[in-house]
Amino acid sequence: MTKSSLKSKDSETALAPTSRPASRLRSKHLLGIEELSPEEIVLILDTAEAMREIAERPIKKVPTLRGRTVVNLFFEPSTRTRTSFEVAEKRLSADTLNVAIATSSVVKGETLVDTALNLEAMSPDMIVLRHAASGACHLLARVCRSRIINAGDGMHEHPTQALLDAFTIRQHKGRLAGLKVAIVGDLLHSRVLRSNVLLLTRLGADVWLCGPPTLIPTGIERLGVHVTPAVDEAVADADVIMLLRIQLERMEGGFFPSLREYFQVFGMTEERVRRARPDAIIMHPGPMNRGVEIASEVADGPYSVILEQVANGVAVRMAVLYLLAGGIDDEAAA
Amino acid sequence: MKRLLKGGRVLDPASGVDGDYDVLIEADRVLRVERGLPADDDVRVIEVPRGFVIVPGLIDMHVHLREPGQEHKETIATGTASAVAGGFTAVACMPNTSPVNDNAGVTQFMLNKAAESGLARVYPIGAVTRGSKGEQLADLAELHAAGCVGVSDDGHPVRTALIMRRALEYTSMLKMPVIDHCEDPSLKGDGVAHEGFHAAALGLRGIPGAAEEIMVARDVTLAGMTGGHVHIAHMSAKGSLRAVRHGKEQGFAVTCEVAPHHFTLTDEALHRPVQYDTNVKMNPPLRDATDVAALLEGLADGSIDAIATDHAPHHADEKLVEFDRAPFGIVGLETCVPLALDRLVHTERISLRRFVELLSVNPARILRRPGGALAPGSVADITVIAPDARVTIHARALRSKSKNTPFDGWELRGAPAATIVGGRTVFTNPAVTGSAVFA
């Protein structure tokens, strides 16, 4: 498939920007932000700009992935990410197959590798994988022929979330370099955190992490970020405040005393938001716990871009699917 | 017929011998170690190739042979074949078989299987507690009488300080060590890798060094209190070494071992060359560079007593899973000598003499077994070392039934050339030129 096939029947506008430093992804998979160069990240974001236009058309579909099969293999419950991928695949005319597997049934029987190889026997082109174990996508990438797209692996990475976050920030701020981004919440268990740190530092943002010391990953400052338990320091003059979900079971695991105390010490209130720059935006990858990591007034406030993040998720995932499919064509042509 | 190993360097720290000597073997015993022994008619002469070193048989005091119960991973036959191919004349096997070696019947079964195989000597380690459940002491005297050379609940720590105290008190009358796998279960939690930057970046749950250090400190204290002999298994963390040194300074009966992977690799191996390689998942986990530096220092200065492999075979299918779900452990018998020579001796961190102490003299002393010496009259368990042989590790070529090693493809300097158990050559290394003379 060539780039011209991105053109829809009712529009002759070429979607891909005409010039950019990187024109394709080096890897056949999207396992994480870690494997992406800054140029590749920009390529995905630029391609997503073109994809976003499709959502504004009366007929939101292009034939780009016609004849391609994409399996959405989800071992963890997910509403947002799975539907976002599915919409993206359908807008690109791919044949999609949703396989949701309760982890419990897998524990009893088939291994992840066997499940994937069985699906592969039906010749999909890409597998979108969500799994509770960090590194699950790396394992499949070693044994499968299909392209693997990481839709969240354990506590490791959630690259399309970081890409859509970056896309959203760029929309509002026009750039990433030099911005102060404060990320507050459960840093330890968050795959969103790891992908965002890698992406934001790679594109030159000034990243501040904040959370209870029990929820800060050991040695994370080696990734070139500031770490502080003082939320006021983290959000001071920030351009972007990103909140991460606090799960009830973390309290039960003894990471902090109570949700009430968490909100008192770390919860994002309007008062705290006022310490940030006047044009700061508030982000959350969802699902939110109102009254725990974020006050309702903040979630629904004028600076909140939380729903835009969701909308942008489709465009970013379309860009990833499109670019990886381009790799399949390159291989076929070689 | 007698055999005369002629012209090689003999290194026997126990008797202070280091130089060109001849070794005369009759039946299963060393008869004489002298210069210029005559080649009488009833003597078969083996001209030892230049550069080879004759040392007392190496003893791996920490292996998992998996039989009975997990024969798909390893058997006593394949495990001892792997041992002799690694240059070991004896191995001490851990009791976490199925059933657990907590009674004389299982011990006897292991010894029978070892005798049938006729390769390396097998010294069973019995369980400290029934079923290794940490509740009630196993029949320790019966295990000892049946042939166990130590006790351990390896795979798990001896759970409570009270049980550990009782075990140390009770075994003191049996003159055998309690070998402890030290980790505080609450700090270890469901961790899968060393708690540090690499685990954090990869989203893997951490096992802090402190989980081990706390329990080593407990055991050292109890050794002092009871007078019992505690041996710290597969020690990995710098703070553990400090606790052991402290115990030794007080004169407590504390010894410890370190595994080759813990002085060779750091937790960076989680990241490179392959991310999430389940062959770098072991317990205790690969620690960071400061821990490795401390272990190297301890190996050199004598505060670490032994090198032991923690040989832990697992079937390929069991390792071809998510990192979280993979079992802990790697095979080690056939990579130990090359790693120790390449990483310790050739880097001049330790002498060849110290190498022999770590792998032969001290394990024999800790387990109170014959061996670890080449004096006249001692058992003819001999390892011939080729310190300068260049070898490449090939996982597929390992004699072990399992191939789970992170060292596949590694090129190393130094290897065992031949393994002689009870006067009988049980292995010559096809990868080492000249080793065939020992056949």
# chains A, B, ... in the order shown; residues from 1 in each chain; ligands from 1

$ closest_atom_pairs --of "chain B" --to "chain A" --cutoff "7 Å" --atoms "only C-alpha atoms" --output "CSV"
residue,atom,partner,partner_atom,distance
B:Glu195,CA,A:Thr218,CA,6.8
B:Gly196,CA,A:Thr218,CA,5.2
B:Phe197,CA,A:Gly219,CA,4.4
B:Ala200,CA,A:Pro217,CA,5.4
B:Ala201,CA,A:Arg194,CA,6.9
B:Leu202,CA,A:His156,CA,5.2
B:Gly203,CA,A:His156,CA,4.1
B:Leu204,CA,A:Ser134,CA,6.5
B:Tyr276,CA,A:Gly135,CA,6.0
B:Val321,CA,A:Leu112,CA,6.8
B:Glu322,CA,A:Ala136,CA,5.5
B:Phe323,CA,A:Gly135,CA,6.8
B:Asp324,CA,A:Ala133,CA,6.2

$ write_last_selection --atoms "N, CA and C atoms" --output "PDB file, in the first residue's frame"
ATOM      1  N   GLU B 195      15.383  -4.814  43.013  1.00  0.00           N
ATOM      2  CA  GLU B 195      14.746  -3.512  43.082  1.00  0.00           C
ATOM      3  C   GLU B 195      15.779  -2.432  42.806  1.00  0.00           C
ATOM      4  N   GLY B 196      15.701  -1.857  41.642  1.00  0.00           N
ATOM      5  CA  GLY B 196      16.656  -0.836  41.229  1.00  0.00           C
ATOM      6  C   GLY B 196      16.161  -0.210  39.943  1.00  0.00           C
ATOM      7  N   PHE B 197      17.022   0.568  39.346  1.00  0.00           N
ATOM      8  CA  PHE B 197      16.619   1.319  38.158  1.00  0.00           C
ATOM      9  C   PHE B 197      16.071   0.430  37.039  1.00  0.00           C
ATOM     10  N   ALA B 200      12.711  -0.946  37.730  1.00  0.00           N
ATOM     11  CA  ALA B 200      11.750   0.162  37.716  1.00  0.00           C
ATOM     12  C   ALA B 200      11.416   0.569  36.290  1.00  0.00           C
ATOM     13  N   ALA B 201      12.434   0.670  35.449  1.00  0.00           N
ATOM     14  CA  ALA B 201      12.205   1.116  34.073  1.00  0.00           C
ATOM     15  C   ALA B 201      11.425   0.071  33.282  1.00  0.00           C
ATOM     16  N   LEU B 202      11.610  -1.185  33.615  1.00  0.00           N
ATOM     17  CA  LEU B 202      10.918  -2.246  32.878  1.00  0.00           C
ATOM     18  C   LEU B 202       9.577  -2.603  33.508  1.00  0.00           C
ATOM     19  N   GLY B 203       9.238  -1.934  34.598  1.00  0.00           N
ATOM     20  CA  GLY B 203       7.959  -2.222  35.236  1.00  0.00           C
ATOM     21  C   GLY B 203       7.916  -3.588  35.895  1.00  0.00           C
ATOM     22  N   LEU B 204       9.046  -4.025  36.419  1.00  0.00           N
ATOM     23  CA  LEU B 204       9.091  -5.317  37.109  1.00  0.00           C
ATOM     24  C   LEU B 204       9.110  -5.078  38.613  1.00  0.00           C
ATOM     25  N   TYR B 276      13.708  -8.502  29.102  1.00  0.00           N
ATOM     26  CA  TYR B 276      12.815  -9.513  29.685  1.00  0.00           C
ATOM     27  C   TYR B 276      13.250 -10.940  29.367  1.00  0.00           C
ATOM     28  N   VAL B 321       7.615 -17.885  28.794  1.00  0.00           N
ATOM     29  CA  VAL B 321       6.385 -17.265  29.285  1.00  0.00           C
ATOM     30  C   VAL B 321       6.712 -15.837  29.688  1.00  0.00           C
ATOM     31  N   GLU B 322       5.668 -15.120  30.151  1.00  0.00           N
ATOM     32  CA  GLU B 322       5.866 -13.773  30.629  1.00  0.00           C
ATOM     33  C   GLU B 322       6.911 -13.789  31.751  1.00  0.00           C
ATOM     34  N   PHE B 323       7.700 -12.742  31.862  1.00  0.00           N
ATOM     35  CA  PHE B 323       8.762 -12.681  32.874  1.00  0.00           C
ATOM     36  C   PHE B 323       8.187 -12.938  34.271  1.00  0.00           C
ATOM     37  N   ASP B 324       7.047 -12.335  34.559  1.00  0.00           N
ATOM     38  CA  ASP B 324       6.425 -12.510  35.881  1.00  0.00           C
ATOM     39  C   ASP B 324       6.149 -13.975  36.201  1.00  0.00           C
TER      40      ASP B 324
END

$ select_by_dssp --residues "range 156-241 of chain B" --states "strand (DSSP E or B)" --output "ChimeraX atom specification"
/B:178-180,193-194,206-207,230-232

$ write_last_selection --atoms "N, CA, C and O atoms" --output "PDB file, in the first residue's frame"
ATOM      1  N   VAL B 178      23.380 -25.771  58.733  1.00  0.00           N
ATOM      2  CA  VAL B 178      22.061 -25.382  58.238  1.00  0.00           C
ATOM      3  C   VAL B 178      22.315 -24.356  57.138  1.00  0.00           C
ATOM      4  O   VAL B 178      22.946 -23.321  57.373  1.00  0.00           O
ATOM      5  N   ILE B 179      21.884 -24.688  55.938  1.00  0.00           N
ATOM      6  CA  ILE B 179      22.136 -23.840  54.768  1.00  0.00           C
ATOM      7  C   ILE B 179      20.872 -23.022  54.525  1.00  0.00           C
ATOM      8  O   ILE B 179      19.809 -23.595  54.281  1.00  0.00           O
ATOM      9  N   ASP B 180      20.989 -21.712  54.605  1.00  0.00           N
ATOM     10  CA  ASP B 180      19.757 -20.911  54.537  1.00  0.00           C
ATOM     11  C   ASP B 180      19.699 -20.061  53.272  1.00  0.00           C
ATOM     12  O   ASP B 180      20.666 -19.396  52.892  1.00  0.00           O
ATOM     13  N   ALA B 193      12.619  -9.227  40.297  1.00  0.00           N
ATOM     14  CA  ALA B 193      13.933  -8.747  39.856  1.00  0.00           C
ATOM     15  C   ALA B 193      14.478  -7.804  40.919  1.00  0.00           C
ATOM     16  O   ALA B 193      13.728  -7.298  41.757  1.00  0.00           O
ATOM     17  N   HIS B 194      15.780  -7.574  40.882  1.00  0.00           N
ATOM     18  CA  HIS B 194      16.399  -6.675  41.861  1.00  0.00           C
ATOM     19  C   HIS B 194      15.721  -5.315  41.841  1.00  0.00           C
ATOM     20  O   HIS B 194      15.543  -4.715  40.766  1.00  0.00           O
ATOM     21  N   GLY B 206      10.085  -5.283  42.359  1.00  0.00           N
ATOM     22  CA  GLY B 206      11.446  -5.402  42.868  1.00  0.00           C
ATOM     23  C   GLY B 206      11.585  -6.286  44.094  1.00  0.00           C
ATOM     24  O   GLY B 206      10.653  -6.451  44.883  1.00  0.00           O
ATOM     25  N   ILE B 207      12.786  -6.860  44.223  1.00  0.00           N
ATOM     26  CA  ILE B 207      13.197  -7.560  45.441  1.00  0.00           C
ATOM     27  C   ILE B 207      14.411  -6.788  45.957  1.00  0.00           C
ATOM     28  O   ILE B 207      15.488  -6.855  45.375  1.00  0.00           O
ATOM     29  N   VAL B 230      25.856 -21.962  60.507  1.00  0.00           N
ATOM     30  CA  VAL B 230      24.949 -21.510  59.461  1.00  0.00           C
ATOM     31  C   VAL B 230      25.765 -21.203  58.208  1.00  0.00           C
ATOM     32  O   VAL B 230      26.850 -20.620  58.276  1.00  0.00           O
ATOM     33  N   HIS B 231      25.250 -21.683  57.089  1.00  0.00           N
ATOM     34  CA  HIS B 231      25.882 -21.405  55.803  1.00  0.00           C
ATOM     35  C   HIS B 231      24.881 -20.627  54.958  1.00  0.00           C
ATOM     36  O   HIS B 231      23.765 -21.085  54.713  1.00  0.00           O
ATOM     37  N   ILE B 232      25.309 -19.451  54.504  1.00  0.00           N
ATOM     38  CA  ILE B 232      24.420 -18.585  53.725  1.00  0.00           C
ATOM     39  C   ILE B 232      24.510 -19.000  52.253  1.00  0.00           C
ATOM     40  O   ILE B 232      25.573 -18.919  51.640  1.00  0.00           O
TER      41      ILE B 232
END

$ residues_around --residues "Gly178 in chain A" --least-positions-apart "5" --cutoff "7 Å" --atoms "only C-alpha atoms" --output "PyMOL selection string"
chain A and resi 204-206

$ residues_around --residues "Ala311 in chain A" --least-positions-apart "3" --cutoff "10 Å" --atoms "only C-alpha atoms" --output "ChimeraX atom specification"
/A:52,55,84,164,168,306-308,314-316

$ residues_around --residues "Ile420 in chain B" --least-positions-apart "3" --cutoff "7 Å" --atoms "only C-alpha atoms" --output "PDB file with all heavy atoms, in the first residue's frame"
ATOM      1  N   THR B  89      33.522 -33.048  40.658  1.00  0.00           N
ATOM      2  CA  THR B  89      33.552 -34.456  41.036  1.00  0.00           C
ATOM      3  C   THR B  89      32.472 -34.779  42.056  1.00  0.00           C
ATOM      4  O   THR B  89      32.186 -35.942  42.309  1.00  0.00           O
ATOM      5  CB  THR B  89      34.924 -34.823  41.630  1.00  0.00           C
ATOM      6  OG1 THR B  89      35.192 -33.956  42.746  1.00  0.00           O
ATOM      7  CG2 THR B  89      36.021 -34.660  40.592  1.00  0.00           C
ATOM      8  N   ASP B 381      39.723 -37.937  43.711  1.00  0.00           N
ATOM      9  CA  ASP B 381      38.790 -37.056  43.006  1.00  0.00           C
ATOM     10  C   ASP B 381      39.624 -35.878  42.517  1.00  0.00           C
ATOM     11  O   ASP B 381      40.107 -35.075  43.323  1.00  0.00           O
ATOM     12  CB  ASP B 381      37.687 -36.562  43.937  1.00  0.00           C
ATOM     13  CG  ASP B 381      36.667 -37.647  44.251  1.00  0.00           C
ATOM     14  OD1 ASP B 381      36.839 -38.785  43.769  1.00  0.00           O
ATOM     15  OD2 ASP B 381      35.699 -37.355  44.979  1.00  0.00           O
ATOM     16  N   ILE B 382      39.754 -35.796  41.201  1.00  0.00           N
ATOM     17  CA  ILE B 382      40.700 -34.836  40.625  1.00  0.00           C
ATOM     18  C   ILE B 382      40.037 -34.103  39.464  1.00  0.00           C
ATOM     19  O   ILE B 382      39.331 -34.714  38.652  1.00  0.00           O
ATOM     20  CB  ILE B 382      41.958 -35.581  40.114  1.00  0.00           C
ATOM     21  CG1 ILE B 382      42.714 -36.205  41.300  1.00  0.00           C
ATOM     22  CG2 ILE B 382      42.866 -34.646  39.310  1.00  0.00           C
ATOM     23  CD1 ILE B 382      43.814 -37.166  40.893  1.00  0.00           C
ATOM     24  N   THR B 383      40.266 -32.813  39.415  1.00  0.00           N
ATOM     25  CA  THR B 383      39.844 -32.044  38.243  1.00  0.00           C
ATOM     26  C   THR B 383      41.096 -31.519  37.554  1.00  0.00           C
ATOM     27  O   THR B 383      41.998 -31.007  38.220  1.00  0.00           O
ATOM     28  CB  THR B 383      38.921 -30.880  38.651  1.00  0.00           C
ATOM     29  OG1 THR B 383      37.791 -31.421  39.339  1.00  0.00           O
ATOM     30  CG2 THR B 383      38.436 -30.117  37.423  1.00  0.00           C
ATOM     31  N   GLY B 423      39.410 -42.105  41.039  1.00  0.00           N
ATOM     32  CA  GLY B 423      40.456 -42.686  40.207  1.00  0.00           C
ATOM     33  C   GLY B 423      40.030 -42.999  38.784  1.00  0.00           C
ATOM     34  O   GLY B 423      40.840 -43.419  37.962  1.00  0.00           O
ATOM     35  N   ARG B 424      38.768 -42.794  38.484  1.00  0.00           N
ATOM     36  CA  ARG B 424      38.233 -43.156  37.173  1.00  0.00           C
ATOM     37  C   ARG B 424      37.911 -41.874  36.399  1.00  0.00           C
ATOM     38  O   ARG B 424      37.228 -40.988  36.926  1.00  0.00           O
ATOM     39  CB  ARG B 424      36.948 -43.961  37.383  1.00  0.00           C
ATOM     40  CG  ARG B 424      36.464 -44.782  36.217  1.00  0.00           C
ATOM     41  CD  ARG B 424      35.422 -45.814  36.708  1.00  0.00           C
ATOM     42  NE  ARG B 424      34.296 -45.176  37.399  1.00  0.00           N
ATOM     43  CZ  ARG B 424      33.211 -44.712  36.784  1.00  0.00           C
ATOM     44  NH1 ARG B 424      33.073 -44.829  35.476  1.00  0.00           N
ATOM     45  NH2 ARG B 424      32.246 -44.150  37.469  1.00  0.00           N
ATOM     46  N   THR B 425      38.385 -41.809  35.154  1.00  0.00           N
ATOM     47  CA  THR B 425      38.084 -40.629  34.336  1.00  0.00           C
ATOM     48  C   THR B 425      36.632 -40.716  33.872  1.00  0.00           C
ATOM     49  O   THR B 425      36.241 -41.674  33.211  1.00  0.00           O
ATOM     50  CB  THR B 425      39.008 -40.545  33.112  1.00  0.00           C
ATOM     51  OG1 THR B 425      40.356 -40.448  33.579  1.00  0.00           O
ATOM     52  CG2 THR B 425      38.679 -39.330  32.270  1.00  0.00           C
ATOM     53  N   VAL B 426      35.838 -39.727  34.271  1.00  0.00           N
ATOM     54  CA  VAL B 426      34.421 -39.743  33.895  1.00  0.00           C
ATOM     55  C   VAL B 426      34.091 -38.691  32.847  1.00  0.00           C
ATOM     56  O   VAL B 426      32.984 -38.651  32.326  1.00  0.00           O
ATOM     57  CB  VAL B 426      33.515 -39.559  35.123  1.00  0.00           C
ATOM     58  CG1 VAL B 426      33.551 -40.803  36.010  1.00  0.00           C
ATOM     59  CG2 VAL B 426      33.916 -38.323  35.924  1.00  0.00           C
TER      60      VAL B 426
END

$ decode --residues "range 141-170 of chain B" --atoms "N, CA and C atoms" --output "PDB file, in the first residue's frame"
ATOM      1  N   ALA B 141      18.491 -36.104  62.601  1.00  0.00           N
ATOM      2  CA  ALA B 141      19.517 -37.119  62.875  1.00  0.00           C
ATOM      3  C   ALA B 141      19.372 -38.287  61.900  1.00  0.00           C
ATOM      4  N   GLU B 142      18.132 -38.641  61.594  1.00  0.00           N
ATOM      5  CA  GLU B 142      17.906 -39.734  60.647  1.00  0.00           C
ATOM      6  C   GLU B 142      18.408 -39.341  59.258  1.00  0.00           C
ATOM      7  N   LEU B 143      18.145 -38.100  58.862  1.00  0.00           N
ATOM      8  CA  LEU B 143      18.647 -37.620  57.569  1.00  0.00           C
ATOM      9  C   LEU B 143      20.171 -37.677  57.539  1.00  0.00           C
ATOM     10  N   HIS B 144      20.765 -37.248  58.637  1.00  0.00           N
ATOM     11  CA  HIS B 144      22.224 -37.255  58.724  1.00  0.00           C
ATOM     12  C   HIS B 144      22.758 -38.676  58.610  1.00  0.00           C
ATOM     13  N   ALA B 145      22.116 -39.591  59.322  1.00  0.00           N
ATOM     14  CA  ALA B 145      22.554 -40.985  59.296  1.00  0.00           C
ATOM     15  C   ALA B 145      22.380 -41.590  57.908  1.00  0.00           C
ATOM     16  N   ALA B 146      21.354 -41.129  57.196  1.00  0.00           N
ATOM     17  CA  ALA B 146      21.090 -41.664  55.853  1.00  0.00           C
ATOM     18  C   ALA B 146      22.061 -41.119  54.817  1.00  0.00           C
ATOM     19  N   GLY B 147      22.808 -40.086  55.166  1.00  0.00           N
ATOM     20  CA  GLY B 147      23.798 -39.577  54.224  1.00  0.00           C
ATOM     21  C   GLY B 147      23.680 -38.114  53.885  1.00  0.00           C
ATOM     22  N   CYS B 148      22.748 -37.422  54.497  1.00  0.00           N
ATOM     23  CA  CYS B 148      22.660 -35.981  54.223  1.00  0.00           C
ATOM     24  C   CYS B 148      23.843 -35.266  54.873  1.00  0.00           C
ATOM     25  N   VAL B 149      24.374 -34.273  54.156  1.00  0.00           N
ATOM     26  CA  VAL B 149      25.583 -33.587  54.628  1.00  0.00           C
ATOM     27  C   VAL B 149      25.273 -32.194  55.161  1.00  0.00           C
ATOM     28  N   GLY B 150      24.006 -31.834  55.107  1.00  0.00           N
ATOM     29  CA  GLY B 150      23.576 -30.527  55.590  1.00  0.00           C
ATOM     30  C   GLY B 150      22.074 -30.490  55.461  1.00  0.00           C
ATOM     31  N   VAL B 151      21.462 -29.435  55.988  1.00  0.00           N
ATOM     32  CA  VAL B 151      20.013 -29.296  55.836  1.00  0.00           C
ATOM     33  C   VAL B 151      19.684 -27.889  55.365  1.00  0.00           C
ATOM     34  N   SER B 152      18.584 -27.785  54.621  1.00  0.00           N
ATOM     35  CA  SER B 152      18.174 -26.504  54.057  1.00  0.00           C
ATOM     36  C   SER B 152      16.714 -26.579  53.654  1.00  0.00           C
ATOM     37  N   ASP B 153      16.019 -25.458  53.745  1.00  0.00           N
ATOM     38  CA  ASP B 153      14.674 -25.380  53.155  1.00  0.00           C
ATOM     39  C   ASP B 153      14.755 -24.587  51.853  1.00  0.00           C
ATOM     40  N   ASP B 154      15.873 -24.746  51.139  1.00  0.00           N
ATOM     41  CA  ASP B 154      16.191 -23.893  49.981  1.00  0.00           C
ATOM     42  C   ASP B 154      15.006 -23.710  49.040  1.00  0.00           C
ATOM     43  N   GLY B 155      14.941 -22.534  48.506  1.00  0.00           N
ATOM     44  CA  GLY B 155      13.771 -22.087  47.755  1.00  0.00           C
ATOM     45  C   GLY B 155      12.967 -21.167  48.643  1.00  0.00           C
ATOM     46  N   HIS B 156      13.063 -21.471  49.936  1.00  0.00           N
ATOM     47  CA  HIS B 156      12.453 -20.614  50.946  1.00  0.00           C
ATOM     48  C   HIS B 156      13.457 -20.449  52.079  1.00  0.00           C
ATOM     49  N   PRO B 157      13.323 -19.367  52.835  1.00  0.00           N
ATOM     50  CA  PRO B 157      14.142 -19.245  54.039  1.00  0.00           C
ATOM     51  C   PRO B 157      13.576 -20.149  55.134  1.00  0.00           C
ATOM     52  N   VAL B 158      14.398 -20.441  56.135  1.00  0.00           N
ATOM     53  CA  VAL B 158      13.840 -21.041  57.347  1.00  0.00           C
ATOM     54  C   VAL B 158      12.985 -19.949  57.975  1.00  0.00           C
ATOM     55  N   ARG B 159      11.693 -20.238  58.083  1.00  0.00           N
ATOM     56  CA  ARG B 159      10.731 -19.152  58.160  1.00  0.00           C
ATOM     57  C   ARG B 159      10.879 -18.286  59.420  1.00  0.00           C
ATOM     58  N   THR B 160      10.921 -18.919  60.569  1.00  0.00           N
ATOM     59  CA  THR B 160      10.943 -18.092  61.779  1.00  0.00           C
ATOM     60  C   THR B 160      12.301 -18.189  62.462  1.00  0.00           C
ATOM     61  N   ALA B 161      12.601 -17.161  63.224  1.00  0.00           N
ATOM     62  CA  ALA B 161      13.849 -17.145  63.988  1.00  0.00           C
ATOM     63  C   ALA B 161      13.858 -18.305  64.977  1.00  0.00           C
ATOM     64  N   LEU B 162      12.706 -18.653  65.504  1.00  0.00           N
ATOM     65  CA  LEU B 162      12.645 -19.729  66.499  1.00  0.00           C
ATOM     66  C   LEU B 162      13.019 -21.072  65.878  1.00  0.00           C
ATOM     67  N   ILE B 163      12.446 -21.387  64.717  1.00  0.00           N
ATOM     68  CA  ILE B 163      12.773 -22.656  64.055  1.00  0.00           C
ATOM     69  C   ILE B 163      14.256 -22.670  63.672  1.00  0.00           C
ATOM     70  N   MET B 164      14.755 -21.536  63.220  1.00  0.00           N
ATOM     71  CA  MET B 164      16.168 -21.464  62.858  1.00  0.00           C
ATOM     72  C   MET B 164      17.031 -21.697  64.092  1.00  0.00           C
ATOM     73  N   ARG B 165      16.641 -21.113  65.186  1.00  0.00           N
ATOM     74  CA  ARG B 165      17.392 -21.332  66.430  1.00  0.00           C
ATOM     75  C   ARG B 165      17.425 -22.813  66.776  1.00  0.00           C
ATOM     76  N   ARG B 166      16.258 -23.444  66.758  1.00  0.00           N
ATOM     77  CA  ARG B 166      16.182 -24.865  67.114  1.00  0.00           C
ATOM     78  C   ARG B 166      17.011 -25.725  66.139  1.00  0.00           C
ATOM     79  N   ALA B 167      16.921 -25.401  64.866  1.00  0.00           N
ATOM     80  CA  ALA B 167      17.662 -26.181  63.863  1.00  0.00           C
ATOM     81  C   ALA B 167      19.165 -26.073  64.108  1.00  0.00           C
ATOM     82  N   LEU B 168      19.628 -24.854  64.423  1.00  0.00           N
ATOM     83  CA  LEU B 168      21.061 -24.665  64.665  1.00  0.00           C
ATOM     84  C   LEU B 168      21.496 -25.377  65.940  1.00  0.00           C
ATOM     85  N   GLU B 169      20.658 -25.298  66.958  1.00  0.00           N
ATOM     86  CA  GLU B 169      20.982 -25.995  68.209  1.00  0.00           C
ATOM     87  C   GLU B 169      21.052 -27.503  67.974  1.00  0.00           C
ATOM     88  N   TYR B 170      20.043 -28.020  67.273  1.00  0.00           N
ATOM     89  CA  TYR B 170      19.933 -29.465  67.118  1.00  0.00           C
ATOM     90  C   TYR B 170      21.032 -30.023  66.216  1.00  0.00           C
TER      91      TYR B 170
END
